[in-house]
>>> print(open('structure-v2.json').read())   # JSON, C-alpha atoms and all ligand atoms
[["chain", "number", "residue", "atom", "x", "y", "z"],
["N", 1, "MET", "CA", 38.96, 22.48, -29.58],
["N", 2, "LYS", "CA", 40.58, 20.80, -32.56],
["N", 3, "VAL", "CA", 42.68, 17.88, -31.34],
["N", 4, "VAL", "CA", 45.33, 15.57, -32.82],
["N", 5, "ILE", "CA", 46.02, 12.35, -30.90],
["N", 6, "VAL", "CA", 49.41, 10.62, -31.10],
["N", 7, "GLY", "CA", 49.12, 6.98, -30.00],
["N", 8, "ALA", "CA", 46.33, 4.49, -30.43],
["N", 9, "GLY", "CA", 46.56, 2.47, -27.23],
["N", 10, "ASN", "CA", 44.52, 2.47, -24.03],
["N", 11, "VAL", "CA", 44.88, 6.12, -23.03],
["N", 12, "ALA", "CA", 44.55, 7.45, -26.59],
["N", 13, "SER", "CA", 41.36, 5.39, -27.05],
["N", 14, "VAL", "CA", 39.68, 6.24, -23.73],
["N", 15, "LEU", "CA", 40.57, 9.97, -23.81],
["N", 16, "GLY", "CA", 39.75, 10.07, -27.52],
["N", 17, "ARG", "CA", 36.24, 8.76, -26.82],
["N", 18, "LEU", "CA", 35.72, 11.30, -24.02],
["N", 19, "ILE", "CA", 37.04, 14.15, -26.16],
["N", 20, "LYS", "CA", 34.73, 13.19, -29.02],
["N", 21, "LYS", "CA", 31.76, 12.79, -26.64],
["N", 22, "SER", "CA", 32.41, 16.33, -25.38],
["N", 23, "LYS", "CA", 31.96, 17.69, -28.92],
["N", 24, "HIS", "CA", 35.55, 18.63, -29.60],
["N", 25, "GLU", "CA", 36.79, 17.94, -33.11],
["N", 26, "ILE", "CA", 39.41, 15.21, -33.43],
["N", 27, "LEU", "CA", 41.33, 15.84, -36.65],
["N", 28, "GLN", "CA", 43.78, 12.95, -36.76],
["N", 29, "VAL", "CA", 45.17, 9.89, -34.97],
["N", 30, "ILE", "CA", 48.85, 9.11, -35.48],
["N", 31, "SER", "CA", 50.44, 5.90, -34.26],
["N", 32, "ARG", "CA", 53.51, 3.76, -34.91],
["N", 33, "ASP", "CA", 51.36, 1.05, -36.48],
["N", 34, "ALA", "CA", 49.06, 2.44, -39.22],
["N", 35, "ALA", "CA", 46.56, -0.39, -38.67],
["N", 36, "ASN", "CA", 46.12, 0.61, -35.00],
["N", 37, "ALA", "CA", 45.81, 4.28, -35.94],
["N", 38, "SER", "CA", 43.18, 3.34, -38.53],
["N", 39, "VAL", "CA", 41.04, 1.39, -36.02],
["N", 40, "LEU", "CA", 40.92, 4.31, -33.57],
["N", 41, "ALA", "CA", 40.50, 6.91, -36.33],
["N", 42, "THR", "CA", 37.52, 5.00, -37.70],
["N", 43, "GLU", "CA", 35.90, 4.99, -34.26],
["N", 44, "LEU", "CA", 36.63, 8.71, -33.77],
["N", 45, "ASN", "CA", 35.71, 9.54, -37.37],
["N", 46, "CYS", "CA", 38.94, 11.31, -38.27],
["N", 47, "ALA", "CA", 42.05, 10.98, -40.46],
["N", 48, "PHE", "CA", 45.00, 8.78, -39.50],
["N", 49, "ALA", "CA", 48.68, 8.28, -40.27],
["N", 50, "ASP", "CA", 51.62, 6.24, -39.04],
["N", 51, "ASN", "CA", 54.74, 7.83, -37.52],
["N", 52, "SER", "CA", 56.19, 8.62, -40.96],
["N", 53, "GLY", "CA", 53.01, 10.45, -42.05],
["N", 54, "VAL", "CA", 52.41, 14.20, -42.05],
["N", 55, "ILE", "CA", 51.00, 15.57, -38.81],
["N", 56, "ASP", "CA", 48.02, 17.94, -39.17],
["N", 57, "LYS", "CA", 49.33, 21.35, -38.07],
["N", 58, "THR", "CA", 45.90, 22.99, -37.72],
["N", 59, "ALA", "CA", 44.90, 21.59, -34.31],
["N", 60, "ASP", "CA", 44.70, 23.58, -31.05],
["N", 61, "LEU", "CA", 45.87, 20.68, -28.91],
["N", 62, "TYR", "CA", 48.21, 17.72, -29.51],
["N", 63, "LEU", "CA", 47.68, 14.82, -27.10],
["N", 64, "ILE", "CA", 50.68, 12.46, -26.97],
["N", 65, "ALA", "CA", 49.66, 9.12, -25.46],
["N", 66, "VAL", "CA", 52.54, 6.81, -26.33],
["N", 67, "THR", "CA", 54.58, 4.50, -24.11],
["N", 68, "ASP", "CA", 56.94, 6.22, -21.66],
["N", 69, "THR", "CA", 60.00, 4.94, -23.54],
["N", 70, "ALA", "CA", 58.74, 6.24, -26.89],
["N", 71, "MET", "CA", 58.26, 9.75, -25.47],
["N", 72, "SER", "CA", 61.96, 10.64, -25.52],
["N", 73, "GLU", "CA", 62.18, 9.81, -29.25],
["N", 74, "LEU", "CA", 59.40, 12.23, -30.18],
["N", 75, "ASP", "CA", 61.49, 15.38, -30.64],
["N", 76, "GLU", "CA", 63.14, 13.75, -33.64],
["N", 77, "THR", "CA", 59.72, 13.37, -35.27],
["N", 78, "TYR", "CA", 57.61, 16.40, -34.36],
["N", 79, "HIS", "CA", 58.26, 20.14, -34.43],
["N", 80, "LEU", "CA", 55.11, 21.98, -33.51],
["N", 81, "GLY", "CA", 56.30, 25.56, -32.98],
["N", 82, "ASP", "CA", 53.97, 27.15, -30.44],
["N", 83, "LYS", "CA", 51.16, 24.56, -30.58],
["N", 84, "LEU", "CA", 49.92, 23.30, -27.21],
["N", 85, "VAL", "CA", 51.27, 19.74, -26.76],
["N", 86, "VAL", "CA", 50.60, 17.50, -23.76],
["N", 87, "HIS", "CA", 51.63, 14.02, -22.72],
["N", 88, "THR", "CA", 49.72, 11.65, -20.43],
["N", 89, "ALA", "CA", 52.48, 10.02, -18.34],
["N", 90, "GLY", "CA", 52.61, 10.05, -14.55],
["N", 91, "SER", "CA", 56.35, 9.75, -14.04],
["N", 92, "ILE", "CA", 57.78, 11.85, -16.89],
["N", 93, "SER", "CA", 58.49, 15.58, -16.65],
["N", 94, "LYS", "CA", 56.55, 17.90, -18.93],
["N", 95, "ASP", "CA", 59.95, 19.19, -20.10],
["N", 96, "VAL", "CA", 60.36, 16.09, -22.26],
["N", 97, "LEU", "CA", 58.23, 18.07, -24.76],
["N", 98, "LYS", "CA", 60.30, 21.27, -24.73],
["N", 99, "ASN", "CA", 62.10, 20.52, -28.00],
["N", 100, "ILE", "CA", 58.78, 19.97, -29.79],
["N", 101, "THR", "CA", 56.97, 23.20, -28.89],
["N", 102, "ASN", "CA", 57.10, 26.33, -26.74],
["N", 103, "ARG", "CA", 53.78, 25.51, -25.04],
["N", 104, "TYR", "CA", 53.61, 22.14, -23.41],
["N", 105, "GLY", "CA", 52.13, 20.32, -20.47],
["N", 106, "VAL", "CA", 50.57, 17.17, -19.08],
["N", 107, "LEU", "CA", 47.08, 15.73, -18.96],
["N", 108, "TYR", "CA", 47.52, 12.73, -16.66],
["N", 109, "PRO", "CA", 44.59, 10.41, -16.02],
["N", 110, "LEU", "CA", 44.97, 9.10, -12.47],
["N", 111, "GLN", "CA", 43.11, 5.92, -13.31],
["N", 112, "SER", "CA", 43.88, 2.52, -14.80],
["N", 113, "LEU", "CA", 42.57, 2.78, -18.37],
["N", 114, "ARG", "CA", 41.74, -0.08, -20.71],
["N", 115, "LYS", "CA", 40.34, 0.50, -24.15],
["N", 116, "GLN", "CA", 38.01, -2.50, -23.79],
["N", 117, "ASN", "CA", 35.06, -2.45, -21.38],
["N", 118, "MET", "CA", 35.86, 0.93, -19.80],
["N", 119, "ASP", "CA", 32.91, 2.62, -18.10],
["N", 120, "LEU", "CA", 32.98, 6.20, -19.38],
["N", 121, "HIS", "CA", 30.18, 7.39, -17.10],
["N", 122, "GLN", "CA", 32.39, 7.85, -14.04],
["N", 123, "ASP", "CA", 34.67, 10.88, -14.04],
["N", 124, "ILE", "CA", 38.33, 10.03, -14.55],
["N", 125, "PRO", "CA", 40.52, 12.16, -12.24],
["N", 126, "LEU", "CA", 42.71, 14.32, -14.49],
["N", 127, "LEU", "CA", 45.89, 16.06, -13.29],
["N", 128, "VAL", "CA", 46.97, 18.99, -15.45],
["N", 129, "ASP", "CA", 50.20, 20.93, -15.66],
["N", 130, "ALA", "CA", 51.86, 23.19, -18.23],
["N", 131, "ASN", "CA", 54.90, 25.43, -18.67],
["N", 132, "THR", "CA", 52.92, 28.71, -18.69],
["N", 133, "GLU", "CA", 49.94, 30.03, -16.72],
["N", 134, "GLU", "CA", 48.08, 30.63, -20.00],
["N", 135, "ALA", "CA", 48.58, 26.99, -21.05],
["N", 136, "ILE", "CA", 47.50, 25.73, -17.59],
["N", 137, "THR", "CA", 44.24, 27.69, -17.87],
["N", 138, "ILE", "CA", 43.53, 26.40, -21.39],
["N", 139, "LEU", "CA", 44.26, 22.82, -20.35],
["N", 140, "GLN", "CA", 42.25, 23.06, -17.15],
["N", 141, "ASN", "CA", 39.23, 24.37, -19.07],
["N", 142, "PHE", "CA", 39.64, 21.65, -21.70],
["N", 143, "ALA", "CA", 40.01, 18.93, -19.04],
["N", 144, "LEU", "CA", 36.82, 20.15, -17.33],
["N", 145, "THR", "CA", 34.88, 19.49, -20.52],
["N", 146, "ILE", "CA", 35.77, 15.77, -20.34],
["N", 147, "SER", "CA", 35.81, 15.20, -16.57],
["N", 148, "GLY", "CA", 34.32, 16.77, -13.45],
["N", 149, "ASP", "CA", 37.43, 15.78, -11.47],
["N", 150, "VAL", "CA", 40.33, 18.02, -12.54],
["N", 151, "SER", "CA", 43.30, 19.17, -10.41],
["N", 152, "ILE", "CA", 46.55, 20.96, -11.08],
["N", 153, "ALA", "CA", 49.68, 18.97, -10.18],
["N", 154, "ASN", "CA", 53.26, 19.82, -11.14],
["N", 155, "ASP", "CA", 55.87, 17.21, -12.11],
["N", 156, "GLU", "CA", 56.91, 16.60, -8.50],
["N", 157, "LEU", "CA", 53.40, 16.10, -7.13],
["N", 158, "ARG", "CA", 52.36, 13.98, -10.11],
["N", 159, "LEU", "CA", 55.36, 11.67, -9.57],
["N", 160, "LYS", "CA", 54.46, 11.31, -5.87],
["N", 161, "LEU", "CA", 50.87, 10.41, -6.78],
["N", 162, "HIS", "CA", 52.20, 7.97, -9.38],
["N", 163, "VAL", "CA", 54.14, 6.15, -6.63],
["N", 164, "ALA", "CA", 50.98, 6.01, -4.49],
["N", 165, "ALA", "CA", 49.02, 4.78, -7.52],
["N", 166, "VAL", "CA", 51.47, 1.90, -7.99],
["N", 167, "LEU", "CA", 51.02, 0.93, -4.31],
["N", 168, "VAL", "CA", 47.21, 0.99, -4.33],
["N", 169, "SER", "CA", 46.62, -0.40, -7.81],
["N", 170, "ASN", "CA", 49.54, -2.36, -9.25],
["N", 171, "PHE", "CA", 50.67, -3.89, -5.95],
["N", 172, "THR", "CA", 47.19, -4.87, -4.79],
["N", 173, "ASN", "CA", 46.52, -6.36, -8.21],
["N", 174, "HIS", "CA", 49.71, -8.40, -7.90],
["N", 175, "LEU", "CA", 48.40, -9.75, -4.59],
["N", 176, "TYR", "CA", 45.06, -10.59, -6.28],
["N", 177, "ALA", "CA", 47.01, -12.47, -8.98],
["N", 178, "LEU", "CA", 48.93, -14.48, -6.36],
["N", 179, "ALA", "CA", 45.74, -15.23, -4.42],
["N", 180, "PHE", "CA", 44.04, -16.28, -7.66],
["N", 181, "GLU", "CA", 46.87, -18.70, -8.48],
["N", 182, "TYR", "CA", 46.86, -20.05, -4.91],
["N", 183, "CYS", "CA", 43.07, -20.57, -4.95],
["N", 184, "SER", "CA", 43.20, -22.30, -8.35],
["N", 185, "LYS", "CA", 45.88, -24.73, -7.14],
["N", 186, "GLU", "CA", 44.11, -25.37, -3.82],
["N", 187, "GLY", "CA", 40.65, -25.92, -5.35],
["N", 188, "ALA", "CA", 39.14, -22.78, -3.77],
["N", 189, "ASP", "CA", 36.89, -20.43, -5.73],
["N", 190, "PHE", "CA", 38.58, -16.99, -6.01],
["N", 191, "LYS", "CA", 35.20, -15.42, -6.88],
["N", 192, "LEU", "CA", 34.09, -16.00, -3.27],
["N", 193, "LEU", "CA", 36.60, -13.27, -2.33],
["N", 194, "LEU", "CA", 35.13, -10.58, -4.62],
["N", 195, "PRO", "CA", 32.67, -9.12, -2.05],
["N", 196, "LEU", "CA", 35.56, -8.84, 0.44],
["N", 197, "ILE", "CA", 37.76, -7.09, -2.13],
["N", 198, "GLU", "CA", 34.98, -4.63, -2.98],
["N", 199, "GLU", "CA", 33.99, -3.95, 0.64],
["N", 200, "THR", "CA", 37.61, -3.30, 1.65],
["N", 201, "ALA", "CA", 38.05, -0.77, -1.17],
["N", 202, "LEU", "CA", 34.66, 0.92, -0.71],
["N", 203, "ARG", "CA", 35.23, 1.55, 3.02],
["N", 204, "LEU", "CA", 37.99, 3.98, 2.04],
["N", 205, "ARG", "CA", 35.36, 6.42, 0.77],
["N", 206, "ASN", "CA", 34.50, 7.16, 4.41],
["N", 207, "HIS", "CA", 37.49, 6.04, 6.49],
["N", 208, "VAL", "CA", 41.28, 6.31, 6.46],
["N", 209, "PRO", "CA", 43.02, 2.96, 5.80],
["N", 210, "ASN", "CA", 44.63, 2.71, 9.25],
["N", 211, "GLU", "CA", 41.20, 2.72, 10.93],
["N", 212, "MET", "CA", 40.11, -0.23, 8.79],
["N", 213, "ARG", "CA", 42.92, -2.68, 9.56],
["N", 214, "THR", "CA", 41.82, -6.22, 10.39],
["N", 215, "GLY", "CA", 43.40, -9.68, 10.32],
["N", 216, "PRO", "CA", 45.86, -11.80, 12.31],
["N", 217, "ALA", "CA", 48.89, -9.48, 11.88],
["N", 218, "ILE", "CA", 47.26, -6.42, 13.45],
["N", 219, "ARG", "CA", 45.88, -8.64, 16.26],
["N", 220, "LYS", "CA", 49.36, -10.18, 16.67],
["N", 221, "ASP", "CA", 47.65, -13.59, 16.53],
["N", 222, "ILE", "CA", 50.80, -15.72, 16.26],
["N", 223, "LYS", "CA", 48.99, -19.11, 16.24],
["N", 224, "THR", "CA", 46.95, -18.19, 13.15],
["N", 225, "LEU", "CA", 49.97, -16.65, 11.45],
["N", 226, "GLU", "CA", 51.91, -19.90, 11.97],
["N", 227, "LYS", "CA", 49.03, -21.96, 10.52],
["N", 228, "HIS", "CA", 48.94, -19.73, 7.45],
["N", 229, "LEU", "CA", 52.69, -19.91, 6.96],
["N", 230, "ARG", "CA", 52.62, -23.72, 7.18],
["N", 231, "LEU", "CA", 50.00, -23.79, 4.39],
["N", 232, "LEU", "CA", 52.13, -21.42, 2.30],
["N", 233, "ALA", "CA", 55.31, -23.50, 2.58],
["N", 234, "ALA", "CA", 54.63, -24.86, -0.90],
["N", 235, "TYR", "CA", 54.36, -21.30, -2.30],
["N", 236, "PRO", "CA", 57.74, -19.64, -1.56],
["N", 237, "LYS", "CA", 56.90, -16.37, -3.38],
["N", 238, "ILE", "CA", 53.63, -15.90, -1.45],
["N", 239, "HIS", "CA", 55.27, -17.11, 1.79],
["N", 240, "HIS", "CA", 57.99, -14.44, 1.40],
["N", 241, "LEU", "CA", 55.47, -11.63, 0.76],
["N", 242, "TYR", "CA", 53.20, -12.83, 3.59],
["N", 243, "LEU", "CA", 56.10, -12.53, 6.04],
["N", 244, "LYS", "CA", 57.24, -9.13, 4.72],
["N", 245, "ILE", "CA", 53.75, -7.61, 4.80],
["N", 246, "THR", "CA", 52.99, -9.15, 8.21],
["N", 247, "ASP", "CA", 56.20, -7.55, 9.55],
["N", 248, "SER", "CA", 55.23, -4.22, 8.02],
["N", 249, "ILE", "CA", 51.75, -4.33, 9.59],
["N", 250, "MET", "CA", 53.16, -5.35, 13.01],
["N", 251, "ASP", "CA", 55.76, -2.53, 12.85],
["N", 252, "GLN", "CA", 53.16, 0.21, 12.42],
["I", 1, "LIG", "N1", 46.88, 2.75, -19.31],
["I", 1, "LIG", "C1", 46.81, 3.41, -18.19],
["I", 1, "LIG", "O1", 46.12, 3.00, -17.26],
["I", 1, "LIG", "C2", 47.53, 4.74, -18.03],
["I", 1, "LIG", "C3", 47.04, 5.63, -17.04],
["I", 1, "LIG", "C4", 47.67, 6.86, -16.91],
["I", 1, "LIG", "C5", 48.74, 7.20, -17.73],
["I", 1, "LIG", "N2", 49.19, 6.31, -18.65],
["I", 1, "LIG", "C6", 50.32, 6.75, -19.53],
["I", 1, "LIG", "O2", 49.80, 7.03, -20.83],
["I", 1, "LIG", "C7", 50.79, 6.70, -21.82],
["I", 1, "LIG", "C8", 50.19, 5.70, -22.82],
["I", 1, "LIG", "O3", 49.86, 4.52, -22.09],
["I", 1, "LIG", "P1", 48.88, 3.41, -22.71],
["I", 1, "LIG", "O4", 48.42, 2.59, -21.57],
["I", 1, "LIG", "O5", 47.87, 4.03, -23.60],
["I", 1, "LIG", "O6", 49.90, 2.55, -23.57],
["I", 1, "LIG", "P2", 49.54, 1.46, -24.66],
["I", 1, "LIG", "O7", 48.13, 1.04, -24.55],
["I", 1, "LIG", "O8", 50.62, 0.44, -24.57],
["I", 1, "LIG", "O9", 49.70, 2.25, -26.03],
["I", 1, "LIG", "C9", 50.95, 2.83, -26.33],
["I", 1, "LIG", "C10", 50.90, 3.54, -27.64],
["I", 1, "LIG", "O10", 52.24, 3.99, -27.88],
["I", 1, "LIG", "C11", 52.59, 3.69, -29.22],
["I", 1, "LIG", "N3", 54.03, 3.46, -29.31],
["I", 1, "LIG", "C12", 54.75, 2.50, -28.70],
["I", 1, "LIG", "N4", 56.05, 2.62, -29.03],
["I", 1, "LIG", "C13", 56.12, 3.67, -29.87],
["I", 1, "LIG", "C14", 57.19, 4.29, -30.57],
["I", 1, "LIG", "N5", 58.46, 3.84, -30.45],
["I", 1, "LIG", "N6", 56.89, 5.37, -31.33],
["I", 1, "LIG", "C15", 55.63, 5.82, -31.42],
["I", 1, "LIG", "N7", 54.58, 5.27, -30.82],
["I", 1, "LIG", "C16", 54.84, 4.21, -30.05],
["I", 1, "LIG", "C17", 51.82, 2.43, -29.55],
["I", 1, "LIG", "O11", 51.68, 2.42, -30.94],
["I", 1, "LIG", "P3", 51.23, 1.13, -31.80],
["I", 1, "LIG", "O12", 50.46, 0.22, -30.89],
["I", 1, "LIG", "O13", 50.42, 1.71, -32.89],
["I", 1, "LIG", "O14", 52.50, 0.52, -32.27],
["I", 1, "LIG", "C18", 50.51, 2.67, -28.82],
["I", 1, "LIG", "O15", 49.62, 3.41, -29.61],
["I", 1, "LIG", "C19", 52.00, 6.21, -21.05],
["I", 1, "LIG", "O16", 52.86, 7.29, -20.81],
["I", 1, "LIG", "C20", 51.41, 5.71, -19.73],
["I", 1, "LIG", "O17", 52.34, 5.76, -18.67],
["I", 1, "LIG", "C21", 48.62, 5.10, -18.83]]
>>> encode(input="structure-v2.json", output="structure tokens")
Amino acid sequence: MKVVIVGAGNVASVLGRLIKKSKHEILQVISRDAANASVLATELNCAFADNSGVIDKTADLYLIAVTDTAMSELDETYHLGDKLVVHTAGSISKDVLKNITNRYGVLYPLQSLRKQNMDLHQDIPLLVDANTEEAITILQNFALTISGDVSIANDELRLKLHVAAVLVSNFTNHLYALAFEYCSKEGADFKLLLPLIEETALRLRNHVPNEMRTGPAIRKDIKTLEKHLRLLAAYPKIHHLYLKITDSIMDQ
């Protein structure tokens, strides 16, 4: 397929690389900042423009990978008739594109994407949706050329998965950040925890999370919990979360 990419950030870069690798033809990268568009366009060997430039109208697919807040401003910029246009956001309805085109949908990567150091060998789960059956089929077939892990998910299901993604990725990473800060201040090496982090995540390939619960809260080991809380007295933010999460585990 011939593809135009709008955006030059993490998702545009990672999906752009996969699209190129799968032998589709990327015609153009458009982004707010021409310099960013130029960097990605050079890598993908295609033309580029900034937001005020002319969009190439000859593509089969327009992939909009801009920030969630920028998405609502797009209908003032682009009018693409009946071209197939998709966005990549988890929590935004496909209908945000209805003033741009008659055929629109979503290609949502259910993965945390970074343009630097991203391993492109593992399939990225892709959730597709569109406003017509014909567009869903086209998108599904396109998605299967760049990933072996493709599902159909409407706006409602995608939003639910987005919530779950925040819990398992953003929230756990916040806990890692707090633990990192705590270790640094207490002279403990955070890297010693990496095998534990990996093992805990990898177990979920074969078990449901509830079966894998360990630690003082699930054992209702009050003495250990009190020792921990005394150590955390100097870290009110961590102390607060420790209590809340301990309560939540004990309530289950
Ligand atoms: N990163 C992830 O892990 C991930 C995963 C799944 C879905 N998503 C979704 O994918 C979309 C893109 O995310 P991202 O991580 O790629 O974001 P990003 O790295 O921050 O890149 C955002 C892009 O949006 C452009 N942009 C920002 N404001 C704009 C505006 N007012 N008008 C036009 N373009 C504007 C930026 O352009 P310039 O930099 O050129 O100014 C940049 O190219 C979002 O909807 C996000 O929710 C992200």
>>> residues_around(input="structure-v2.json", residues="region 163-179 of chain N", least_positions_apart="5", cutoff="8 Å", atoms="all atoms listed in the file", output="mmCIF file with C-alpha atoms, in the coordinates of the input")
data_model
loop_
_atom_site.group_PDB
_atom_site.id
_atom_site.type_symbol
_atom_site.label_atom_id
_atom_site.label_comp_id
_atom_site.auth_asym_id
_atom_site.auth_seq_id
_atom_site.Cartn_x
_atom_site.Cartn_y
_atom_site.Cartn_z
ATOM 1 C CA LEU N 110 44.970 9.100 -12.470
ATOM 2 C CA PHE N 190 38.580 -16.990 -6.010
ATOM 3 C CA ILE N 238 53.630 -15.900 -1.450
#
>>> closest_atom_pairs(input="structure-v2.json", of="chain N", to="ligand LIG 1 (chain I)", cutoff="9 Å", atoms="only C-alpha atoms and all ligand atoms", output="tab-separated table")
residue	atom	partner	partner_atom	distance
N:Val6	CA	I:LIG1	O15	7.4
N:Gly7	CA	I:LIG1	O15	3.6
N:Ala8	CA	I:LIG1	O15	3.6
N:Gly9	CA	I:LIG1	O9	3.4
N:Asn10	CA	I:LIG1	O5	3.7
N:Val11	CA	I:LIG1	O5	3.7
N:Ala12	CA	I:LIG1	O5	5.6
N:Ser13	CA	I:LIG1	O5	7.5
N:Val14	CA	I:LIG1	O5	8.5
N:Ile30	CA	I:LIG1	O13	8.0
N:Ser31	CA	I:LIG1	O13	4.4
N:Arg32	CA	I:LIG1	O13	4.2
N:Asp33	CA	I:LIG1	O13	3.8
N:Ala34	CA	I:LIG1	O13	6.5
N:Ala35	CA	I:LIG1	O13	7.3
N:Asn36	CA	I:LIG1	O13	4.9
N:Ala37	CA	I:LIG1	O13	6.1
N:Asp50	CA	I:LIG1	O13	7.7
N:Asn51	CA	I:LIG1	C15	6.5
N:Ile64	CA	I:LIG1	C7	7.7
N:Ala65	CA	I:LIG1	C8	4.4
N:Val66	CA	I:LIG1	O10	3.2
N:Thr67	CA	I:LIG1	C19	4.4
N:Asp68	CA	I:LIG1	O16	4.3
N:Thr69	CA	I:LIG1	N4	7.2
N:Ala70	CA	I:LIG1	N5	4.3
N:Met71	CA	I:LIG1	N6	7.4
N:Glu73	CA	I:LIG1	N5	7.1
N:Leu74	CA	I:LIG1	N6	7.4
N:His87	CA	I:LIG1	O16	7.1
N:Thr88	CA	I:LIG1	O2	4.6
N:Ala89	CA	I:LIG1	O16	3.7
N:Gly90	CA	I:LIG1	C5	5.8
N:Ser91	CA	I:LIG1	O17	7.3
N:Ile92	CA	I:LIG1	O16	7.8
N:Leu107	CA	I:LIG1	C5	8.8
N:Tyr108	CA	I:LIG1	C5	5.8
N:Pro109	CA	I:LIG1	C4	4.8
N:Leu110	CA	I:LIG1	C4	5.7
N:Gln111	CA	I:LIG1	C3	5.4
N:Ser112	CA	I:LIG1	O1	3.4
N:Leu113	CA	I:LIG1	O1	3.7
N:Arg114	CA	I:LIG1	N1	6.0
N:Lys115	CA	I:LIG1	O7	7.8
N:His162	CA	I:LIG1	C4	8.9
>>> closest_residue(input="structure-v2.json", among="N:Ala188, N:Ser52, N:His240, N:Tyr104", to="Glu76 (chain N)", atoms="all atoms listed in the file")
N:Ser52
>>> atom_distance(input="structure-v2.json", atom1="CA of Lys98 (chain N)", atom2="CA of Ile55 (chain N)")
17.8 Å
>>> atom_distance(input="structure-v2.json", atom1="CA of Tyr182 (chain N)", atom2="CA of Arg205 (chain N)")
29.4 Å
>>> residues_around(input="structure-v2.json", residues="region 133-136 of chain N", least_positions_apart="5", cutoff="12 Å", atoms="only C-alpha atoms", output="PyMOL selection string")
chain N and resi 60-61+82-86+102-107+127-128+141-143+150-154
>>> closest_atom_pairs(input="structure-v2.json", of="region 99-214 of chain N", to="region 15-26 of chain N", cutoff="8 Å", atoms="all atoms listed in the file", output="tab-separated table")
residue	atom	partner	partner_atom	distance
N:Leu120	CA	N:Leu18	CA	7.4
N:Thr145	CA	N:Ser22	CA	6.3
N:Ile146	CA	N:Leu18	CA	5.8
>>> atom_distance(input="structure-v2.json", atom1="CA of Ile124 (chain N)", atom2="CA of Ser147 (chain N)")
6.1 Å
>>> closest_residue(input="structure-v2.json", among="N:Asn206, N:Ser93, N:Thr214, N:Thr101", to="Asp155 (chain N)", atoms="all atoms listed in the file")
N:Ser93
>>> axis_aligned_box(input="structure-v2.json", around="region 223-241 of chain N", padding_each_side="6 Å", output="JSON")
{"center_x": 52.5, "center_y": -18.2, "center_z": 6.4, "size_x": 23.0, "size_y": 25.2, "size_z": 31.6}
>>> closest_residue(input="structure-v2.json", among="N:Leu232, N:Leu193, N:Ile218, N:Leu161", to="Thr246 (chain N)", atoms="only C-alpha atoms")
N:Ile218
>>> residues_around(input="structure-v2.json", residues="Lys244 (chain N)", least_positions_apart="6", cutoff="12 Å", atoms="only C-alpha atoms", output="list in words")
Ala217, Leu229, Lys237, Ile238, Met250 and Asp251 of chain N
